[in-house]
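Chemist: Next up, entry-v8.tsv (TSV, N, CA and C atoms).
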chain	number	residue	atom	x	y	z
A	1	MET	N	2.26	-22.64	-3.22
A	1	MET	CA	2.32	-21.67	-2.12
A	1	MET	C	3.73	-21.10	-2.05
A	2	ARG	N	3.80	-19.79	-1.85
A	2	ARG	CA	5.08	-19.09	-1.82
A	2	ARG	C	5.26	-18.40	-0.47
A	3	ASN	N	6.53	-18.17	-0.12
A	3	ASN	CA	6.83	-17.47	1.13
A	3	ASN	C	6.80	-15.96	0.85
A	4	PHE	N	5.72	-15.30	1.22
A	4	PHE	CA	5.55	-13.88	0.94
A	4	PHE	C	6.60	-13.03	1.64
A	5	ARG	N	7.14	-13.51	2.75
A	5	ARG	CA	8.13	-12.72	3.51
A	5	ARG	C	9.43	-12.50	2.75
A	6	LEU	N	9.65	-13.28	1.71
A	6	LEU	CA	10.86	-13.14	0.91
A	6	LEU	C	10.71	-12.13	-0.23
A	7	LEU	N	9.49	-11.69	-0.49
A	7	LEU	CA	9.24	-10.78	-1.62
A	7	LEU	C	9.55	-9.33	-1.25
A	8	ASP	N	10.31	-8.68	-2.11
A	8	ASP	CA	10.65	-7.27	-1.88
A	8	ASP	C	9.40	-6.40	-1.82
A	9	CYS	N	8.41	-6.69	-2.64
A	9	CYS	CA	7.20	-5.87	-2.63
A	9	CYS	C	6.46	-6.01	-1.30
A	10	TRP	N	6.46	-7.19	-0.70
A	10	TRP	CA	5.82	-7.35	0.61
A	10	TRP	C	6.59	-6.57	1.68
A	11	LYS	N	7.91	-6.67	1.64
A	11	LYS	CA	8.75	-5.94	2.61
A	11	LYS	C	8.52	-4.44	2.49
A	12	LEU	N	8.46	-3.95	1.26
A	12	LEU	CA	8.21	-2.53	1.04
A	12	LEU	C	6.81	-2.14	1.52
A	13	GLY	N	5.85	-3.00	1.29
A	13	GLY	CA	4.49	-2.75	1.78
A	13	GLY	C	4.45	-2.64	3.30
A	14	MET	N	5.20	-3.47	3.98
A	14	MET	CA	5.25	-3.40	5.44
A	14	MET	C	5.89	-2.10	5.91
A	15	GLU	N	6.90	-1.64	5.20
A	15	GLU	CA	7.53	-0.36	5.54
A	15	GLU	C	6.55	0.80	5.32
A	16	ILE	N	5.77	0.71	4.27
A	16	ILE	CA	4.76	1.75	4.00
A	16	ILE	C	3.71	1.77	5.09
A	17	VAL	N	3.32	0.60	5.59
A	17	VAL	CA	2.37	0.54	6.71
A	17	VAL	C	2.92	1.31	7.90
A	18	LYS	N	4.17	1.05	8.23
A	18	LYS	CA	4.80	1.71	9.38
A	18	LYS	C	4.85	3.23	9.17
A	19	GLN	N	5.28	3.66	8.00
A	19	GLN	CA	5.36	5.09	7.71
A	19	GLN	C	3.98	5.75	7.72
A	20	THR	N	3.00	5.04	7.18
A	20	THR	CA	1.64	5.59	7.12
A	20	THR	C	1.08	5.77	8.52
A	21	TYR	N	1.25	4.78	9.37
A	21	TYR	CA	0.71	4.90	10.73
A	21	TYR	C	1.38	6.05	11.50
A	22	LYS	N	2.66	6.27	11.26
A	22	LYS	CA	3.32	7.42	11.90
A	22	LYS	C	2.75	8.73	11.38
A	23	LEU	N	2.50	8.78	10.08
A	23	LEU	CA	1.94	9.98	9.47
A	23	LEU	C	0.52	10.25	9.97
A	24	LEU	N	-0.23	9.23	10.21
A	24	LEU	CA	-1.63	9.38	10.64
A	24	LEU	C	-1.75	10.05	12.01
A	25	GLU	N	-0.66	10.05	12.76
A	25	GLU	CA	-0.68	10.74	14.05
A	25	GLU	C	-0.86	12.24	13.89
A	26	LYS	N	-0.60	12.76	12.71
A	26	LYS	CA	-0.77	14.19	12.44
A	26	LYS	C	-2.24	14.59	12.24
A	27	LEU	N	-3.08	13.61	11.98
A	27	LEU	CA	-4.47	13.92	11.69
A	27	LEU	C	-5.24	14.27	12.96
A	28	PRO	N	-6.18	15.19	12.84
A	28	PRO	CA	-7.01	15.52	14.01
A	28	PRO	C	-7.95	14.37	14.34
A	29	SER	N	-8.41	14.32	15.57
A	29	SER	CA	-9.31	13.24	15.99
A	29	SER	C	-10.61	13.24	15.19
A	30	SER	N	-10.95	14.36	14.60
A	30	SER	CA	-12.17	14.41	13.77
A	30	SER	C	-12.06	13.52	12.53
A	31	GLU	N	-10.84	13.10	12.21
A	31	GLU	CA	-10.62	12.23	11.05
A	31	GLU	C	-10.52	10.75	11.43
A	32	ASN	N	-10.84	10.40	12.67
A	32	ASN	CA	-10.74	9.00	13.10
A	32	ASN	C	-11.55	8.06	12.23
A	33	TYR	N	-12.71	8.49	11.77
A	33	TYR	CA	-13.58	7.62	10.97
A	33	TYR	C	-13.60	8.03	9.51
A	34	GLY	N	-12.72	8.96	9.14
A	34	GLY	CA	-12.63	9.42	7.77
A	34	GLY	C	-11.30	9.03	7.17
A	35	LEU	N	-10.47	10.03	6.96
A	35	LEU	CA	-9.20	9.83	6.28
A	35	LEU	C	-8.28	8.85	7.02
A	36	ARG	N	-8.23	8.93	8.34
A	36	ARG	CA	-7.37	8.02	9.12
A	36	ARG	C	-7.78	6.57	8.88
A	37	SER	N	-9.06	6.31	8.94
A	37	SER	CA	-9.56	4.96	8.74
A	37	SER	C	-9.28	4.46	7.32
A	38	GLN	N	-9.54	5.32	6.35
A	38	GLN	CA	-9.33	4.94	4.95
A	38	GLN	C	-7.85	4.67	4.66
A	39	MET	N	-6.98	5.55	5.14
A	39	MET	CA	-5.55	5.39	4.86
A	39	MET	C	-4.97	4.17	5.56
A	40	SER	N	-5.37	3.93	6.78
A	40	SER	CA	-4.83	2.77	7.48
A	40	SER	C	-5.29	1.47	6.82
A	41	ARG	N	-6.53	1.43	6.37
A	41	ARG	CA	-7.04	0.22	5.70
A	41	ARG	C	-6.35	0.01	4.35
A	42	ALA	N	-6.14	1.10	3.60
A	42	ALA	CA	-5.47	0.97	2.31
A	42	ALA	C	-4.03	0.49	2.50
A	43	ALA	N	-3.33	1.07	3.48
A	43	ALA	CA	-1.93	0.72	3.72
A	43	ALA	C	-1.79	-0.75	4.12
A	44	ILE	N	-2.58	-1.21	5.06
A	44	ILE	CA	-2.45	-2.60	5.53
A	44	ILE	C	-2.93	-3.59	4.47
A	45	SER	N	-3.79	-3.13	3.59
A	45	SER	CA	-4.28	-3.98	2.50
A	45	SER	C	-3.17	-4.34	1.52
A	46	MET	N	-2.20	-3.47	1.37
A	46	MET	CA	-1.14	-3.70	0.38
A	46	MET	C	-0.33	-4.97	0.68
A	47	PRO	N	0.36	-5.07	1.81
A	47	PRO	CA	1.11	-6.31	2.07
A	47	PRO	C	0.18	-7.49	2.40
A	48	SER	N	-0.99	-7.20	2.93
A	48	SER	CA	-1.92	-8.28	3.28
A	48	SER	C	-2.38	-9.02	2.04
A	49	ASN	N	-2.66	-8.30	0.97
A	49	ASN	CA	-3.10	-8.96	-0.26
A	49	ASN	C	-1.97	-9.73	-0.92
A	50	ILE	N	-0.75	-9.24	-0.79
A	50	ILE	CA	0.38	-10.01	-1.30
A	50	ILE	C	0.50	-11.33	-0.54
A	51	ALA	N	0.39	-11.26	0.77
A	51	ALA	CA	0.46	-12.47	1.59
A	51	ALA	C	-0.67	-13.44	1.24
A	52	GLU	N	-1.87	-12.91	1.10
A	52	GLU	CA	-3.00	-13.78	0.77
A	52	GLU	C	-2.83	-14.40	-0.61
A	53	GLY	N	-2.34	-13.61	-1.56
A	53	GLY	CA	-2.11	-14.14	-2.90
A	53	GLY	C	-1.10	-15.27	-2.91
A	54	CYS	N	-0.09	-15.16	-2.07
A	54	CYS	CA	0.93	-16.21	-1.99
A	54	CYS	C	0.37	-17.52	-1.44
A	55	GLY	N	-0.75	-17.45	-0.79
A	55	GLY	CA	-1.39	-18.65	-0.27
A	55	GLY	C	-2.28	-19.34	-1.29
A	56	ARG	N	-2.43	-18.74	-2.45
A	56	ARG	CA	-3.28	-19.32	-3.50
A	56	ARG	C	-2.48	-20.28	-4.36
A	57	ASN	N	-3.17	-21.26	-4.92
A	57	ASN	CA	-2.48	-22.28	-5.72
A	57	ASN	C	-2.24	-21.84	-7.16
A	58	GLY	N	-3.21	-21.20	-7.77
A	58	GLY	CA	-3.07	-20.82	-9.17
A	58	GLY	C	-2.42	-19.46	-9.35
A	59	LYS	N	-1.64	-19.35	-10.43
A	59	LYS	CA	-0.97	-18.09	-10.72
A	59	LYS	C	-1.98	-16.98	-11.02
A	60	LYS	N	-3.06	-17.32	-11.71
A	60	LYS	CA	-4.07	-16.32	-12.05
A	60	LYS	C	-4.72	-15.78	-10.78
A	61	ASP	N	-5.04	-16.67	-9.86
A	61	ASP	CA	-5.65	-16.27	-8.59
A	61	ASP	C	-4.67	-15.44	-7.76
A	62	MET	N	-3.43	-15.87	-7.74
A	62	MET	CA	-2.40	-15.12	-7.02
A	62	MET	C	-2.24	-13.73	-7.63
A	63	GLY	N	-2.22	-13.67	-8.95
A	63	GLY	CA	-2.08	-12.39	-9.65
A	63	GLY	C	-3.21	-11.43	-9.33
A	64	ARG	N	-4.40	-11.95	-9.13
A	64	ARG	CA	-5.54	-11.10	-8.78
A	64	ARG	C	-5.31	-10.40	-7.44
A	65	PHE	N	-4.76	-11.10	-6.47
A	65	PHE	CA	-4.48	-10.48	-5.17
A	65	PHE	C	-3.38	-9.43	-5.27
A	66	PHE	N	-2.42	-9.68	-6.15
A	66	PHE	CA	-1.38	-8.67	-6.37
A	66	PHE	C	-1.97	-7.44	-7.04
A	67	GLU	N	-2.93	-7.65	-7.92
A	67	GLU	CA	-3.63	-6.54	-8.55
A	67	GLU	C	-4.39	-5.70	-7.52
A	68	VAL	N	-5.02	-6.36	-6.57
A	68	VAL	CA	-5.73	-5.65	-5.49
A	68	VAL	C	-4.73	-4.86	-4.63
A	69	ALA	N	-3.57	-5.43	-4.38
A	69	ALA	CA	-2.53	-4.74	-3.60
A	69	ALA	C	-2.11	-3.45	-4.31
A	70	VAL	N	-1.93	-3.52	-5.62
A	70	VAL	CA	-1.57	-2.33	-6.39
A	70	VAL	C	-2.69	-1.30	-6.34
A	71	SER	N	-3.92	-1.76	-6.45
A	71	SER	CA	-5.08	-0.85	-6.37
A	71	SER	C	-5.12	-0.15	-5.02
A	72	SER	N	-4.82	-0.86	-3.96
A	72	SER	CA	-4.78	-0.25	-2.63
A	72	SER	C	-3.69	0.80	-2.54
A	73	ALA	N	-2.58	0.56	-3.23
A	73	ALA	CA	-1.49	1.55	-3.25
A	73	ALA	C	-1.93	2.82	-3.96
A	74	PHE	N	-2.68	2.69	-5.04
A	74	PHE	CA	-3.20	3.87	-5.72
A	74	PHE	C	-4.22	4.60	-4.85
A	75	GLU	N	-4.99	3.85	-4.11
A	75	GLU	CA	-5.93	4.45	-3.17
A	75	GLU	C	-5.19	5.24	-2.09
A	76	LEU	N	-4.14	4.65	-1.52
A	76	LEU	CA	-3.36	5.33	-0.50
A	76	LEU	C	-2.69	6.57	-1.06
A	77	GLU	N	-2.18	6.49	-2.27
A	77	GLU	CA	-1.57	7.66	-2.91
A	77	GLU	C	-2.58	8.80	-3.02
A	78	THR	N	-3.78	8.49	-3.44
A	78	THR	CA	-4.83	9.50	-3.57
A	78	THR	C	-5.17	10.12	-2.22
A	79	GLN	N	-5.27	9.29	-1.20
A	79	GLN	CA	-5.60	9.78	0.14
A	79	GLN	C	-4.49	10.66	0.69
A	80	LEU	N	-3.25	10.31	0.42
A	80	LEU	CA	-2.11	11.12	0.86
A	80	LEU	C	-2.17	12.49	0.20
A	81	LEU	N	-2.44	12.52	-1.08
A	81	LEU	CA	-2.54	13.79	-1.80
A	81	LEU	C	-3.74	14.61	-1.34
A	82	ALA	N	-4.84	13.92	-1.03
A	82	ALA	CA	-6.01	14.62	-0.50
A	82	ALA	C	-5.70	15.25	0.85
A	83	GLY	N	-4.98	14.51	1.69
A	83	GLY	CA	-4.57	15.05	2.99
A	83	GLY	C	-3.68	16.26	2.85
A	84	GLN	N	-2.85	16.25	1.83
A	84	GLN	CA	-2.00	17.42	1.58
A	84	GLN	C	-2.85	18.60	1.11
A	85	SER	N	-3.82	18.33	0.26
A	85	SER	CA	-4.62	19.42	-0.30
A	85	SER	C	-5.46	20.13	0.76
A	86	ILE	N	-5.75	19.45	1.86
A	86	ILE	CA	-6.51	20.10	2.94
A	86	ILE	C	-5.60	20.44	4.12
A	87	ASP	N	-4.31	20.48	3.83
A	87	ASP	CA	-3.28	20.95	4.77
A	87	ASP	C	-3.11	20.08	6.02
A	88	TYR	N	-3.41	18.80	5.92
A	88	TYR	CA	-3.10	17.88	7.01
A	88	TYR	C	-1.64	17.42	6.91
A	89	PHE	N	-1.14	17.29	5.67
A	89	PHE	CA	0.22	16.82	5.44
A	89	PHE	C	0.99	17.89	4.69
A	90	ASN	N	2.28	17.99	5.01
A	90	ASN	CA	3.12	18.98	4.32
A	90	ASN	C	3.91	18.30	3.19
A	91	GLN	N	4.68	19.10	2.49
A	91	GLN	CA	5.43	18.59	1.34
A	91	GLN	C	6.44	17.53	1.75
A	92	LYS	N	7.07	17.67	2.89
A	92	LYS	CA	8.03	16.67	3.35
A	92	LYS	C	7.35	15.33	3.57
A	93	ASP	N	6.13	15.36	4.13
A	93	ASP	CA	5.37	14.12	4.32
A	93	ASP	C	5.16	13.42	2.98
A	94	ILE	N	4.79	14.21	1.98
A	94	ILE	CA	4.55	13.67	0.65
A	94	ILE	C	5.85	13.13	0.05
A	95	ASP	N	6.91	13.92	0.18
A	95	ASP	CA	8.20	13.53	-0.39
A	95	ASP	C	8.77	12.28	0.28
A	96	ASP	N	8.43	12.05	1.53
A	96	ASP	CA	8.92	10.86	2.24
A	96	ASP	C	8.16	9.60	1.85
A	97	LEU	N	6.86	9.71	1.69
A	97	LEU	CA	6.03	8.51	1.50
A	97	LEU	C	5.66	8.22	0.04
A	98	LEU	N	5.42	9.24	-0.74
A	98	LEU	CA	4.95	9.04	-2.11
A	98	LEU	C	5.89	8.19	-2.97
A	99	PRO	N	7.21	8.43	-2.94
A	99	PRO	CA	8.10	7.58	-3.74
A	99	PRO	C	8.05	6.10	-3.32
A	100	GLU	N	7.87	5.87	-2.04
A	100	GLU	CA	7.76	4.49	-1.56
A	100	GLU	C	6.50	3.82	-2.11
A	101	ILE	N	5.40	4.55	-2.10
A	101	ILE	CA	4.13	4.01	-2.62
A	101	ILE	C	4.27	3.73	-4.12
A	102	GLN	N	4.86	4.65	-4.85
A	102	GLN	CA	5.02	4.46	-6.29
A	102	GLN	C	5.98	3.31	-6.60
A	103	SER	N	7.00	3.14	-5.80
A	103	SER	CA	7.90	2.00	-5.97
A	103	SER	C	7.16	0.69	-5.72
A	104	PHE	N	6.32	0.68	-4.70
A	104	PHE	CA	5.51	-0.50	-4.41
A	104	PHE	C	4.62	-0.84	-5.60
A	105	GLN	N	3.98	0.17	-6.17
A	105	GLN	CA	3.09	-0.05	-7.31
A	105	GLN	C	3.86	-0.71	-8.46
A	106	LYS	N	5.03	-0.19	-8.77
A	106	LYS	CA	5.83	-0.71	-9.88
A	106	LYS	C	6.34	-2.12	-9.60
A	107	LYS	N	6.89	-2.33	-8.41
A	107	LYS	CA	7.44	-3.65	-8.08
A	107	LYS	C	6.36	-4.73	-8.05
A	108	THR	N	5.24	-4.40	-7.45
A	108	THR	CA	4.16	-5.38	-7.31
A	108	THR	C	3.55	-5.70	-8.67
A	109	ASN	N	3.33	-4.67	-9.48
A	109	ASN	CA	2.76	-4.91	-10.80
A	109	ASN	C	3.74	-5.68	-11.69
A	110	SER	N	5.02	-5.37	-11.58
A	110	SER	CA	6.03	-6.09	-12.35
A	110	SER	C	6.06	-7.57	-11.97
A	111	TYR	N	5.99	-7.84	-10.68
A	111	TYR	CA	5.97	-9.23	-10.21
A	111	TYR	C	4.72	-9.94	-10.72
A	112	ARG	N	3.59	-9.24	-10.67
A	112	ARG	CA	2.32	-9.81	-11.15
A	112	ARG	C	2.40	-10.17	-12.63
A	113	LEU	N	2.93	-9.25	-13.43
A	113	LEU	CA	3.03	-9.49	-14.87
A	113	LEU	C	3.99	-10.64	-15.18
A	114	LYS	N	5.08	-10.71	-14.44
A	114	LYS	CA	6.06	-11.79	-14.61
A	114	LYS	C	5.42	-13.13	-14.24
A	115	LEU	N	4.64	-13.10	-13.18
A	115	LEU	CA	3.95	-14.30	-12.72
A	115	LEU	C	2.99	-14.84	-13.78
A	116	LEU	N	2.30	-13.94	-14.45
A	116	LEU	CA	1.27	-14.32	-15.41
A	116	LEU	C	1.80	-14.60	-16.82
A	117	SER	N	3.08	-14.30	-17.05
A	117	SER	CA	3.61	-14.52	-18.41
A	117	SER	C	4.10	-15.93	-18.63
Go ahead and express the file in the form of structure tokens.
Modeler:
Amino acid sequence: MRNFRLLDCWKLGMEIVKQTYKLLEKLPSSENYGLRSQMSRAAISMPSNIAEGCGRNGKKDMGRFFEVAVSSAFELETQLLAGQSIDYFNQKDIDDLLPEIQSFQKKTNSYRLKLLS
């Protein structure tokens, strides 16, 4: 068992959650059960899966949860871009959050690969 709070990827995931929830305030109420719901679930899934993985005993099992966290980051990236394409989010929104999501993807996947080697 590992302390997930010490991992940079978990800390970054928590920051992405905060930024995502602030961004979701821009969405119209008609998106409460659509894009808002999807994005909030994808964002919270990222650090949550890292935390859950750290509670697992085997490296392979832990690595699987890190893989799910990365997948959630790709999902959030897609949803952010979709929101931009329908004019919910502007370029500054994308420029503020997208690099953070991509950094999370790289850091988490790198940690996963290191764990499994």
Chemist: If you measure from CA of Lys106 (chain A) to atom N of Phe89 (chain A), what distance in Å do you get, rounded to one decimal?
Modeler: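 A separation of 24.8 Å between them.
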Chemist: Which of these, A:Met14, A:Ala43, A:Leu7, A:Leu27, has the shortest distance to Leu76 (chain A) once you count all atoms listed in the file?
Modeler: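 Using all atoms listed in the file, the shortest distance to Leu76 (chain A) belongs to A:Ala43.
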Chemist: In Å, how far is it from CA of Val68 (chain A) to CA of Ser29 (chain A)?
Modeler: 28.8 Å
Chemist: How many Å separate CA of Arg56 (chain A) from atom C of Trp10 (chain A)?
Modeler: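 Interatomic distance here is 16.9 Å.
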Chemist: For each of A:Ser48, A:Gln105, A:Asn57, A:Thr78, take the minimum atom-to-atom distance to Leu35 (chain A), counting only C-alpha atoms, then give the residue where this is smallest.
Modeler: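 Using only C-alpha atoms, Leu35 (chain A) sits closest to A:Thr78.
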Chemist: Report, as AutoDock Vina command-line options, the centre and edge lengths in Å (one decimal) of the axis-aligned box enclosing every listed atom of region 74-82 of chain A, padded by 5 Å on each side.
Modeler:
--center_x -3.8 --center_y 9.0 --center_z -2.4 --size_x 14.4 --size_y 22.6 --size_z 16.6
Chemist: For Ser103 (chain A), which residue out of A:Asp8, A:Asp61, A:Tyr88, A:Ser30 is the nearest one, using only C-alpha atoms?
Modeler: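 For Ser103 (chain A), the nearest of the candidates is A:Asp8.
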Chemist: Based on DSSP run over this structure's backbone, return all residues of region 14-113 of chain A in alpha helix (DSSP H), as JSON, numbers by chain.
Modeler: {"A": [14, 15, 16, 17, 18, 19, 20, 21, 22, 23, 24, 35, 36, 37, 38, 39, 40, 41, 42, 43, 44, 45, 46, 47, 48, 49, 50, 51, 52, 53, 54, 59, 60, 61, 62, 63, 64, 65, 66, 67, 68, 69, 70, 71, 72, 73, 74, 75, 76, 77, 78, 79, 80, 81, 82, 83, 84, 85, 91, 92, 93, 94, 95, 96, 97, 98, 99, 100, 101, 102, 103, 104, 105, 106, 107, 108, 109, 110, 111, 112, 113]}
